[in-house]
file entry_24.pdb (PDB, C-alpha atoms, pLDDT in the B column)
ATOM      1  CA  MET A 569     279.974 244.690 208.072  1.00 52.00           C
ATOM      2  CA  THR A 570     280.762 242.262 210.838  1.00 55.00           C
ATOM      3  CA  ASP A 571     277.292 240.717 211.062  1.00 63.00           C
ATOM      4  CA  MET A 572     277.979 236.960 211.050  1.00 67.00           C
ATOM      5  CA  ARG A 573     275.203 234.636 209.899  1.00 71.00           C
ATOM      6  CA  CYS A 574     274.919 230.895 209.446  1.00 78.00           C
ATOM      7  CA  GLY A 575     276.801 229.729 206.347  1.00 79.00           C
ATOM      8  CA  THR A 576     278.969 232.848 206.165  1.00 89.00           C
ATOM      9  CA  LYS A 577     282.232 232.765 204.211  1.00 92.00           C
ATOM     10  CA  CYS A 578     284.806 235.498 203.753  1.00 94.00           C
ATOM     11  CA  PHE A 579     285.065 237.265 200.386  1.00 96.00           C
ATOM     12  CA  ILE A 580     287.671 239.690 199.077  1.00 97.00           C
ATOM     13  CA  VAL A 581     285.987 242.508 197.108  1.00 97.00           C
ATOM     14  CA  THR A 582     287.949 244.921 194.909  1.00 97.00           C
ATOM     15  CA  ILE A 583     286.102 248.188 194.305  1.00 96.00           C
ATOM     16  CA  GLU A 584     286.927 251.280 192.281  1.00 94.00           C
ATOM     17  CA  GLN A 585     285.669 254.660 193.459  1.00 87.00           C
ATOM     18  CA  ASP A 586     286.897 258.080 192.315  1.00 86.00           C
ATOM     19  CA  ASP A 587     289.636 256.446 190.163  1.00 89.00           C
ATOM     20  CA  GLU A 588     291.038 254.687 193.245  1.00 93.00           C
ATOM     21  CA  GLN A 589     291.013 250.917 193.838  1.00 95.00           C
ATOM     22  CA  THR A 590     290.296 249.548 197.309  1.00 94.00           C
ATOM     23  CA  VAL A 591     290.233 245.972 198.607  1.00 96.00           C
ATOM     24  CA  LYS A 592     287.700 245.061 201.312  1.00 94.00           C
ATOM     25  CA  GLU A 593     287.130 241.836 203.239  1.00 94.00           C
ATOM     26  CA  VAL A 594     283.404 241.044 203.502  1.00 93.00           C
ATOM     27  CA  PRO A 595     281.693 238.234 205.446  1.00 92.00           C
ATOM     28  CA  ALA A 596     278.775 236.999 203.301  1.00 93.00           C
ATOM     29  CA  ARG A 597     276.911 233.848 202.295  1.00 93.00           C
ATOM     30  CA  SER A 598     277.621 234.154 198.564  1.00 94.00           C
ATOM     31  CA  GLN A 599     279.315 236.399 196.005  1.00 95.00           C
ATOM     32  CA  VAL A 600     275.962 238.023 195.229  1.00 95.00           C
ATOM     33  CA  ASP A 601     275.373 238.740 198.912  1.00 94.00           C
ATOM     34  CA  ALA A 602     278.883 240.235 199.196  1.00 94.00           C
ATOM     35  CA  ARG A 603     278.139 242.569 196.272  1.00 95.00           C
ATOM     36  CA  LYS A 604     274.854 243.664 197.879  1.00 94.00           C
ATOM     37  CA  MET A 605     276.552 244.396 201.196  1.00 92.00           C
ATOM     38  CA  VAL A 606     279.305 246.467 199.549  1.00 94.00           C
ATOM     39  CA  ARG A 607     276.801 248.468 197.476  1.00 93.00           C
ATOM     40  CA  LYS A 608     274.689 249.176 200.552  1.00 93.00           C
ATOM     41  CA  ARG A 609     277.697 250.350 202.559  1.00 91.00           C
ATOM     42  CA  PHE A 610     279.646 252.344 199.928  1.00 87.00           C
ATOM     43  CA  GLY A 611     276.841 253.519 197.640  1.00 87.00           C
ATOM     44  CA  GLU A 612     275.909 252.980 194.025  1.00 85.00           C
ATOM     45  CA  ASP A 613     278.542 255.357 192.566  1.00 86.00           C
ATOM     46  CA  MET A 614     281.404 252.837 192.819  1.00 90.00           C
ATOM     47  CA  THR A 615     282.333 249.955 190.531  1.00 94.00           C
ATOM     48  CA  ILE A 616     282.929 246.420 191.798  1.00 95.00           C
ATOM     49  CA  ARG A 617     285.924 244.991 189.922  1.00 96.00           C
ATOM     50  CA  SER A 618     286.108 241.507 191.462  1.00 96.00           C
ATOM     51  CA  VAL A 619     284.672 239.285 194.173  1.00 97.00           C
ATOM     52  CA  ARG A 620     286.539 236.137 195.186  1.00 96.00           C
ATOM     53  CA  ARG A 621     286.450 233.760 198.104  1.00 94.00           C
ATOM     54  CA  LYS A 622     289.269 234.072 200.616  1.00 88.00           C
TER      55      LYS A 622
END

call {"tool": "encode", "arguments": {"input": "entry_24.pdb", "output": "structure tokens"}}
result
Amino acid sequence: MTDMRCGTKCFIVTIEQDDEQTVKEVPARSQVDARKMVRKRFGEDMTIRSVRRK
């Protein structure tokens, strides 16, 4: 997830998978883009709890 593009900001994404919470740092253009990148990388079976700008 280190693909840097023009207009990229850093987002902190909290996900829950298998009753365990994990915090990931994601470079993305928007909160929606950060959610898409996390879903693509970790699969659809996890829940995104929060996305906030760093």

call {"tool": "resolve_selection", "arguments": {"input": "entry_24.pdb", "expression": "the PyMOL selection byres ((chain A and resi 610) around 12)", "output": "number ranges by chain"}}
result
A: 569, 583-586, 590, 592, 603-609, 611-616

call {"tool": "closest_residue", "arguments": {"input": "entry_24.pdb", "among": "A:Gln599, A:Gly575, A:Gln589, A:Thr582", "to": "Arg621 in chain A", "atoms": "all atoms listed in the file"}}
result
A:Gln599

call {"tool": "residues_near_point", "arguments": {"input": "entry_24.pdb", "point": "(279.3, 233.7, 203.0)", "cutoff": "10 Å", "atoms": "only C-alpha atoms", "output": "ChimeraX atom specification"}}
result
/A:572-579,594-602,621

call {"tool": "axis_aligned_box", "arguments": {"input": "entry_24.pdb", "around": "range 614-622 of chain A", "padding_each_side": "4 Å", "output": "AutoDock Vina command-line options"}}
result
--center_x 285.3 --center_y 243.3 --center_z 195.3 --size_x 15.9 --size_y 27.1 --size_z 18.7

call {"tool": "residues_near_point", "arguments": {"input": "entry_24.pdb", "point": "(287.8, 238.8, 189.2)", "cutoff": "9 Å", "atoms": "only C-alpha atoms", "output": "PyMOL selection string"}}
result
chain A and resi 581-582+617-620

call {"tool": "decode", "arguments": {"input": "entry_24.pdb", "residues": "range 583-595 of chain A", "atoms": "all heavy atoms", "output": "PDB file, in the first residue's frame"}}
result
ATOM      1  N   ILE A 583      -9.600  -1.301  11.717  1.00  0.00           N
ATOM      2  CA  ILE A 583     -10.408  -2.398  11.191  1.00  0.00           C
ATOM      3  C   ILE A 583     -10.605  -3.460  12.266  1.00  0.00           C
ATOM      4  O   ILE A 583      -9.805  -3.571  13.204  1.00  0.00           O
ATOM      5  CB  ILE A 583      -9.779  -3.029   9.936  1.00  0.00           C
ATOM      6  CG1 ILE A 583      -8.420  -3.634  10.234  1.00  0.00           C
ATOM      7  CG2 ILE A 583      -9.670  -2.031   8.819  1.00  0.00           C
ATOM      8  CD1 ILE A 583      -7.849  -4.429   9.079  1.00  0.00           C
ATOM      9  N   GLU A 584     -11.680  -4.215  12.126  1.00  0.00           N
ATOM     10  CA  GLU A 584     -11.956  -5.321  13.034  1.00  0.00           C
ATOM     11  C   GLU A 584     -12.106  -6.570  12.195  1.00  0.00           C
ATOM     12  O   GLU A 584     -12.928  -6.621  11.274  1.00  0.00           O
ATOM     13  CB  GLU A 584     -13.221  -5.061  13.836  1.00  0.00           C
ATOM     14  CG  GLU A 584     -13.492  -6.120  14.873  1.00  0.00           C
ATOM     15  CD  GLU A 584     -14.696  -5.784  15.723  1.00  0.00           C
ATOM     16  OE1 GLU A 584     -14.841  -4.620  16.114  1.00  0.00           O
ATOM     17  OE2 GLU A 584     -15.493  -6.699  15.973  1.00  0.00           O
ATOM     18  N   GLN A 585     -11.293  -7.590  12.508  1.00  0.00           N
ATOM     19  CA  GLN A 585     -11.326  -8.847  11.782  1.00  0.00           C
ATOM     20  C   GLN A 585     -11.107  -9.972  12.775  1.00  0.00           C
ATOM     21  O   GLN A 585     -10.154  -9.940  13.551  1.00  0.00           O
ATOM     22  CB  GLN A 585     -10.252  -8.865  10.703  1.00  0.00           C
ATOM     23  CG  GLN A 585     -10.347 -10.005   9.733  1.00  0.00           C
ATOM     24  CD  GLN A 585      -9.376  -9.842   8.579  1.00  0.00           C
ATOM     25  OE1 GLN A 585      -8.366  -9.169   8.694  1.00  0.00           O
ATOM     26  NE2 GLN A 585      -9.693 -10.451   7.469  1.00  0.00           N
ATOM     27  N   ASP A 586     -11.990 -10.950  12.772  1.00  0.00           N
ATOM     28  CA  ASP A 586     -11.904 -12.089  13.699  1.00  0.00           C
ATOM     29  C   ASP A 586     -11.875 -11.616  15.152  1.00  0.00           C
ATOM     30  O   ASP A 586     -11.072 -12.087  15.954  1.00  0.00           O
ATOM     31  CB  ASP A 586     -10.669 -12.948  13.389  1.00  0.00           C
ATOM     32  CG  ASP A 586     -10.689 -13.503  11.977  1.00  0.00           C
ATOM     33  OD1 ASP A 586     -11.790 -13.772  11.467  1.00  0.00           O
ATOM     34  OD2 ASP A 586      -9.602 -13.663  11.396  1.00  0.00           O
ATOM     35  N   ASP A 587     -12.754 -10.673  15.499  1.00  0.00           N
ATOM     36  CA  ASP A 587     -12.867 -10.120  16.861  1.00  0.00           C
ATOM     37  C   ASP A 587     -11.564  -9.503  17.359  1.00  0.00           C
ATOM     38  O   ASP A 587     -11.279  -9.476  18.548  1.00  0.00           O
ATOM     39  CB  ASP A 587     -13.346 -11.191  17.842  1.00  0.00           C
ATOM     40  CG  ASP A 587     -14.736 -11.671  17.507  1.00  0.00           C
ATOM     41  OD1 ASP A 587     -15.527 -10.857  16.987  1.00  0.00           O
ATOM     42  OD2 ASP A 587     -15.041 -12.852  17.763  1.00  0.00           O
ATOM     43  N   GLU A 588     -10.746  -8.986  16.449  1.00  0.00           N
ATOM     44  CA  GLU A 588      -9.492  -8.341  16.808  1.00  0.00           C
ATOM     45  C   GLU A 588      -9.388  -7.009  16.073  1.00  0.00           C
ATOM     46  O   GLU A 588      -9.590  -6.946  14.878  1.00  0.00           O
ATOM     47  CB  GLU A 588      -8.336  -9.250  16.391  1.00  0.00           C
ATOM     48  CG  GLU A 588      -6.986  -8.779  16.822  1.00  0.00           C
ATOM     49  CD  GLU A 588      -5.912  -9.792  16.464  1.00  0.00           C
ATOM     50  OE1 GLU A 588      -6.082 -10.976  16.751  1.00  0.00           O
ATOM     51  OE2 GLU A 588      -4.915  -9.358  15.871  1.00  0.00           O
ATOM     52  N   GLN A 589      -9.087  -5.925  16.803  1.00  0.00           N
ATOM     53  CA  GLN A 589      -8.969  -4.616  16.170  1.00  0.00           C
ATOM     54  C   GLN A 589      -7.520  -4.345  15.786  1.00  0.00           C
ATOM     55  O   GLN A 589      -6.594  -4.654  16.537  1.00  0.00           O
ATOM     56  CB  GLN A 589      -9.459  -3.515  17.113  1.00  0.00           C
ATOM     57  CG  GLN A 589     -10.949  -3.424  17.170  1.00  0.00           C
ATOM     58  CD  GLN A 589     -11.398  -2.124  17.790  1.00  0.00           C
ATOM     59  OE1 GLN A 589     -10.611  -1.342  18.303  1.00  0.00           O
ATOM     60  NE2 GLN A 589     -12.683  -1.887  17.739  1.00  0.00           N
ATOM     61  N   THR A 590      -7.355  -3.778  14.590  1.00  0.00           N
ATOM     62  CA  THR A 590      -6.035  -3.445  14.060  1.00  0.00           C
ATOM     63  C   THR A 590      -6.076  -2.031  13.510  1.00  0.00           C
ATOM     64  O   THR A 590      -7.074  -1.607  12.941  1.00  0.00           O
ATOM     65  CB  THR A 590      -5.661  -4.418  12.922  1.00  0.00           C
ATOM     66  OG1 THR A 590      -5.823  -5.752  13.369  1.00  0.00           O
ATOM     67  CG2 THR A 590      -4.233  -4.218  12.489  1.00  0.00           C
ATOM     68  N   VAL A 591      -4.986  -1.294  13.672  1.00  0.00           N
ATOM     69  CA  VAL A 591      -4.873   0.060  13.142  1.00  0.00           C
ATOM     70  C   VAL A 591      -3.842   0.048  12.028  1.00  0.00           C
ATOM     71  O   VAL A 591      -2.723  -0.441  12.213  1.00  0.00           O
ATOM     72  CB  VAL A 591      -4.468   1.045  14.251  1.00  0.00           C
ATOM     73  CG1 VAL A 591      -4.280   2.441  13.688  1.00  0.00           C
ATOM     74  CG2 VAL A 591      -5.494   1.043  15.359  1.00  0.00           C
ATOM     75  N   LYS A 592      -4.220   0.572  10.857  1.00  0.00           N
ATOM     76  CA  LYS A 592      -3.332   0.623   9.696  1.00  0.00           C
ATOM     77  C   LYS A 592      -3.195   2.055   9.218  1.00  0.00           C
ATOM     78  O   LYS A 592      -4.143   2.835   9.296  1.00  0.00           O
ATOM     79  CB  LYS A 592      -3.887  -0.221   8.542  1.00  0.00           C
ATOM     80  CG  LYS A 592      -4.054  -1.686   8.864  1.00  0.00           C
ATOM     81  CD  LYS A 592      -2.734  -2.359   8.979  1.00  0.00           C
ATOM     82  CE  LYS A 592      -2.908  -3.826   9.288  1.00  0.00           C
ATOM     83  NZ  LYS A 592      -1.665  -4.493   9.521  1.00  0.00           N
ATOM     84  N   GLU A 593      -2.028   2.399   8.703  1.00  0.00           N
ATOM     85  CA  GLU A 593      -1.779   3.707   8.111  1.00  0.00           C
ATOM     86  C   GLU A 593      -1.825   3.535   6.598  1.00  0.00           C
ATOM     87  O   GLU A 593      -1.093   2.720   6.042  1.00  0.00           O
ATOM     88  CB  GLU A 593      -0.401   4.198   8.558  1.00  0.00           C
ATOM     89  CG  GLU A 593      -0.175   5.647   8.313  1.00  0.00           C
ATOM     90  CD  GLU A 593       1.093   6.126   8.979  1.00  0.00           C
ATOM     91  OE1 GLU A 593       1.184   6.038  10.211  1.00  0.00           O
ATOM     92  OE2 GLU A 593       1.975   6.575   8.241  1.00  0.00           O
ATOM     93  N   VAL A 594      -2.705   4.296   5.929  1.00  0.00           N
ATOM     94  CA  VAL A 594      -2.949   4.122   4.500  1.00  0.00           C
ATOM     95  C   VAL A 594      -2.761   5.447   3.761  1.00  0.00           C
ATOM     96  O   VAL A 594      -3.413   6.433   4.107  1.00  0.00           O
ATOM     97  CB  VAL A 594      -4.393   3.607   4.261  1.00  0.00           C
ATOM     98  CG1 VAL A 594      -4.649   3.401   2.795  1.00  0.00           C
ATOM     99  CG2 VAL A 594      -4.649   2.337   5.036  1.00  0.00           C
ATOM    100  N   PRO A 595      -1.900   5.483   2.743  1.00  0.00           N
ATOM    101  CA  PRO A 595      -1.809   6.681   1.901  1.00  0.00           C
ATOM    102  C   PRO A 595      -2.923   6.641   0.854  1.00  0.00           C
ATOM    103  O   PRO A 595      -3.040   5.666   0.109  1.00  0.00           O
ATOM    104  CB  PRO A 595      -0.435   6.559   1.245  1.00  0.00           C
ATOM    105  CG  PRO A 595      -0.148   5.100   1.246  1.00  0.00           C
ATOM    106  CD  PRO A 595      -0.863   4.519   2.425  1.00  0.00           C
TER     107      PRO A 595
END
